[in-house]
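K.L.:
After the structure tokens below, expect a handful of questions from me.
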Amino acid sequence: MKTCYRRLRQFYGDLSLQSKFTLALMVTVTVPVLMIGIFFYNRLYDMVVSYTIRQEQDASAKTSPMIEDMVQEIMDTYTGISDQPFFQTLFHQPVNSTLSELAESPEAEKFVQYLNETVSKENISDFRIYLDFPEDMQRLADSPMEEYFASIQDIRGTYWHGIFQGSNITELFCPSFYLGTQEQKQYGDMAYIRQLSLYYQGQPYRAYAAVYYSSEPLKDVLSKNLSLDGSVSYIINERNALVASSNNSLSGIYWLNYEDIEKSVMSSNNFIERTILDNKIYAGFYRISQPGWFMVTVLPSRPLLNQSGLLMLQYVLFYILFLLLALFLANSLARSITNRISSVIRQMSQVRKGSLLPMDSPIYHDEVGDLIDTYNYMTRKMDKLIADQGKAAEDLRIAEFNSLQAQINPHFLYNTMDMINWLAQQGRNAEVIDAVQNLSRFYKLTLSRKQSISTIAQEEAHVSIYVHLQNMRFHDSISFVSDIPDELMDYPIPKLTLQPVIENAILHGILETENKSGTIVLTGWMENEDIVLLISDDGVGIPPEKLKTILTGNGTGSSGGNHIAVYNTHRRLQILYGSEYGLTYSSEPGKGTEVQIRLPARKEYESPFVYQTLVSEIRLDRALQLLAKPEMNLYQIAEECGYTDAENFFEEFQRRFQISPTEYRKRFL
């Protein structure tokens with residue numbers, strides 16, 4: 001025995017690391033599965049029954065509140081109708097006027113309007129008030145009230161009318177067979193009915209208010225409650241009548257009396273075992289408290305047996321697939337460990353030759369992964385200065401492009417392309433060519449990556465194209481007048497300085513007027529050592545409370561916009577030139593808005609330091625927006641904003657706002 005053990009141990013010790021790992025993992029994953037299969041084989045049917053019953057319990061626990069909500073919706077509908085002034089006048093106080101006079105009152109008109117809105121709801125099919133004086137009912141023949149009032153003669157002989165006549169109840173939820181044939185065809189196959197009293201010209205009369213609805217939503221909910229073929233779910237009322245069923249035939253086969261259900265109901269709502277027609281079933285009950293109904297769910301045993309056999313077959317197939325997958329995974333995991341160890345050895349041997357190339361980042365962060373991370377950390381630190389220099393130049397270019405791109409309203413492009421598509425469908429080829437050429441020029445001026453500074457002349461041409469394209473959409477409703485002196489045209493100006501202001505003037509000014517037309521005037525002048533550009537419009541103007549916030553980044557336009565492009569333009573000018581420059585808004589509601597754009601009259605616009613400051617501000621503004629998204633962590637935000645190192649983001653944020661990103665999110669968000 002000892003000799004056999006020593007040979008087995010020696011054999012295992014001589015195996016390669018990959019074979020050892022594969023064998024160990026296979027034993028680990030297969031033995032528990034075999035033990036579980038053997039142990040639960042004889043208990044499989046009980047497991048299936050328990051699992052299915054638990055599923056049905058969970059489903060019923062969710063379904064019964066849905067049914068109660070439907071019932072409550074019907075009752076709330078009646079409550080809403082009964083709260084109407086006309087209803088109160090008719091049934092809660094003596095009525096001395098004639099019914100025709102009441103039908104012509106403003107309250108009656110509002111009552112009919114309310115009923116029209118009510119019967120258009122998804123679960124409400126109709127509403128009727130049945131009155132017991134047919135000679136006066138004829139007076140409603142020519143009024144809108146006729147649709148919702150009827151004579152009691154129309155419902156005499158129905159089952160529900162007999163119930164009211166033979167008992168003292170004041171309300172009744174009626175299943176289909178309680179209603180008359182005419183009611184089911186015209187109004188709905190279920191109803192909630194309330195008995196009322198009317199004191200008309202000194203005489204008491206009996207009346208009924210009926211809210212009709214369809215049984216289909218109830219049947220649909222009951223059907224969705226079932227997860228086992230051959231099972232049935234139905235609702236029974238206190239008169240031992242079927243209210244609704246997922247399957248009328250099966251509910252007849254597995255019918256349980258209301259009295260028996262009341263005796264069987266337990267506080268835990270557990271399923272009970274019964275035998276019906278020599279078939280063993282499992283029945284569960286849930287009380288629908290408001291109308292006094294019971295929801296009954298019946299699970300026959302035969303489908304459970306079939307499901308048990310199917311589950312066993314699935315288990316065997318699954319186990320075979322699991323063995324194959326376990327073998328593959330065990331071999332792959334073993335190979336991944338040994339291969340990574342070999343790769344570390346090879347890479348370390350390259351270090352002897354002076355090569356400091358990093359390895360691929362490890363997928364698994366175990367001991368081998370930590371070893372690779374440590375090696376890569378050393379190589380990254382040594383190469384960091386060279387990599388940072390190249391990355392900084394690329395980050396500046398990306399930040400510049402993103403700052404311009406962020407101000408372009410994508411809806412302008414979508415709407416313009418829709419307009420071009422419509423013109424093409426109309427065969428207006430000349431206008432299509434004109435629109436495409438102007439759109440191409442517009443985005444050539446906007447998306448140029450070579451520099452972030454343009455000239456006033458180029459910006460004036462850019463907004464002229466923009467207004468031209470908008471006029472093609474809005475039928476030349478915008479007049480654009482440009483009167484900038486020629487001596488100002490060659491002065492530099494940051495790109496996209498004029499376009500956001502012109503866009504706001506059109507969308508939130510001119511197009512908000514009644515006739516959706518107006519004029520925009522662009523002019524400018526030299527004021528001491530500054531250039532002042534003035535954009536004025538005759539739109540609806542801006543209310544004082546919104547005018548105060550338009551340059552804070554928190555304002556909202558009349559149509560829901562947040563003026564972020566205008567705010568970004570204002571911030572760029574202040575970062576580039578100083579706090580005394582930027583945008584100034586003045587407006588008079590109903591008459592129009594004027595925007596002054598002030599910038600220095602310089603030929604050299606920025607230094608590398610100022611430009612880097614602009615890029616930093618753009619990054620931090622973006623970071624403030626992303627901090628409001630709880631699903632993003634700080635490292636993801638730093639990467640999204642273009643930081644190569646998260647520590648740089650933390651330091652720059654702390655220096656700019658005097659608070660850490662973590663504390664900012666806790667305190668303000």
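Residues are referred to by chain and number: the chain letter is A, B, ... according to the order shown in the structure tokens, the number counts from 1 in that chain, and ligands are numbered separately from 1 in the order shown.
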Could you pull out the residues in region 415-567 of chain A that DSSP calls helix (DSSP H, G or I) from the backbone, as a compact mmCIF listing (two decimals) with C-alpha atoms, in the first residue's frame?

P.N.:
# COMPACT_ATOMS: atom_id res chain seq x y z
CA ASN A 415 -32.22 69.58 -39.35
CA THR A 416 -30.15 70.85 -42.30
CA MET A 417 -29.70 67.32 -43.63
CA ASP A 418 -33.47 66.73 -43.27
CA MET A 419 -34.08 69.93 -45.25
CA ILE A 420 -31.64 68.81 -48.00
CA ASN A 421 -33.37 65.42 -48.13
CA TRP A 422 -36.76 67.12 -48.49
CA LEU A 423 -35.47 69.43 -51.25
CA ALA A 424 -34.02 66.44 -53.09
CA GLN A 425 -37.34 64.59 -52.88
CA ASN A 429 -31.74 70.37 -57.40
CA ALA A 430 -30.43 73.93 -57.52
CA GLU A 431 -31.41 74.52 -53.90
CA VAL A 432 -29.92 71.15 -52.90
CA ILE A 433 -26.60 72.12 -54.49
CA ASP A 434 -26.73 75.52 -52.77
CA ALA A 435 -27.47 73.96 -49.37
CA VAL A 436 -24.75 71.30 -49.67
CA GLN A 437 -22.13 73.83 -50.78
CA ASN A 438 -22.97 76.19 -47.92
CA LEU A 439 -23.06 73.38 -45.37
CA SER A 440 -19.66 72.21 -46.59
CA ARG A 441 -18.22 75.74 -46.26
CA PHE A 442 -19.81 76.07 -42.80
CA TYR A 443 -18.10 72.97 -41.42
CA LYS A 444 -14.81 73.67 -43.18
CA LEU A 445 -14.63 76.93 -41.25
CA THR A 446 -15.82 75.27 -38.03
CA ILE A 456 -13.46 88.83 -38.04
CA ALA A 457 -13.96 88.59 -41.80
CA GLN A 458 -13.97 84.78 -41.68
CA GLU A 459 -16.31 84.72 -38.69
CA GLU A 460 -18.65 87.16 -40.48
CA ALA A 461 -18.66 84.86 -43.53
CA HIS A 462 -19.26 81.85 -41.24
CA VAL A 463 -22.38 83.34 -39.61
CA SER A 464 -23.64 84.59 -42.98
CA ILE A 465 -23.59 80.97 -44.20
CA TYR A 466 -25.31 79.86 -40.99
CA VAL A 467 -28.14 82.42 -41.41
CA HIS A 468 -28.47 81.50 -45.08
CA LEU A 469 -28.95 77.82 -44.20
CA GLN A 470 -31.45 78.69 -41.48
CA ASN A 471 -33.38 80.85 -43.95
CA MET A 472 -33.61 77.88 -46.30
CA ARG A 473 -35.31 76.01 -43.44
CA ASP A 486 -13.43 97.21 -43.29
CA GLU A 487 -10.57 98.22 -40.99
CA LEU A 488 -11.76 95.66 -38.41
CA GLN A 499 -22.12 81.78 -34.28
CA PRO A 500 -23.47 80.77 -30.80
CA VAL A 501 -24.78 84.30 -30.23
CA ILE A 502 -26.44 84.41 -33.69
CA GLU A 503 -27.91 80.95 -33.05
CA ASN A 504 -29.43 82.10 -29.74
CA ALA A 505 -30.84 85.20 -31.41
CA ILE A 506 -32.60 83.04 -34.02
CA LEU A 507 -33.80 80.10 -31.90
CA ILE A 510 -36.86 85.62 -33.56
CA LEU A 511 -38.42 82.15 -33.83
CA GLU A 512 -40.19 82.67 -30.50
CA PRO A 544 -34.69 89.92 -16.34
CA GLU A 545 -34.48 86.78 -14.18
CA LYS A 546 -33.05 84.76 -17.09
CA LEU A 547 -30.80 87.59 -18.24
CA ILE A 564 -23.93 76.45 -22.71
CA ALA A 565 -22.39 77.49 -26.05
CA VAL A 566 -22.81 81.19 -25.16
CA TYR A 567 -21.32 80.55 -21.70

K.L.:
Neighbours of Phe649 (chain A) within 10 Å (only C-alpha atoms; same-chain residues fewer than 4 positions away dropped), as a ChimeraX atom specification?

P.N.:
/A:616,619-620,623,634-635,637-639,641-645,653-655,660-661

K.L.:
Go ahead and write the selection's residues with C-alpha atoms as a JSON list (two decimals), in the first residue's frame.

P.N.:
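Below is the file that was written, again_14.json:
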[["chain", "number", "residue", "atom", "x", "y", "z"],
["A", 616, "SER", "CA", -7.01, 73.34, -18.32],
["A", 619, "ARG", "CA", -10.89, 70.04, -18.91],
["A", 620, "LEU", "CA", -12.09, 71.14, -15.47],
["A", 623, "ALA", "CA", -14.91, 67.28, -15.09],
["A", 634, "LEU", "CA", -12.78, 59.55, -10.44],
["A", 635, "TYR", "CA", -10.27, 57.59, -12.52],
["A", 637, "ILE", "CA", -13.50, 60.99, -15.19],
["A", 638, "ALA", "CA", -9.78, 61.81, -15.32],
["A", 639, "GLU", "CA", -9.34, 59.60, -18.40],
["A", 641, "CYS", "CA", -11.13, 64.61, -19.60],
["A", 642, "GLY", "CA", -7.76, 63.78, -21.21],
["A", 643, "TYR", "CA", -5.50, 63.47, -18.14],
["A", 644, "THR", "CA", -2.66, 60.97, -18.59],
["A", 645, "ASP", "CA", -2.28, 60.63, -14.83],
["A", 653, "PHE", "CA", -8.87, 70.25, -9.41],
["A", 654, "GLN", "CA", -7.73, 71.00, -5.83],
["A", 655, "ARG", "CA", -5.70, 74.02, -6.99],
["A", 660, "SER", "CA", -10.81, 67.66, -3.74],
["A", 661, "PRO", "CA", -13.02, 65.94, -6.35]]

K.L.:
For Ala209 (chain A), which of A:Met190, A:Leu627, A:Ile81, A:Leu222 is the closest residue, counting only C-alpha atoms?

P.N.:
A:Ile81

K.L.:
Considering only C-alpha atoms, return as a PyMOL selection string whatever protein or nucleic-acid residues lie within 6 Å of Leu131 (chain A), sequence-local ones (same chain, fewer than 4 positions apart) excluded.

P.N.:
chain A and resi 151-152+207

K.L.:
What's the 7 Å shell around Asn240 (chain A), counting only C-alpha atoms, without same-chain residues fewer than 4 positions away, as a list in words?

P.N.:
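With the cut-off at 7 Å, the set is Ile236, Asn257 and Tyr258 of chain A.
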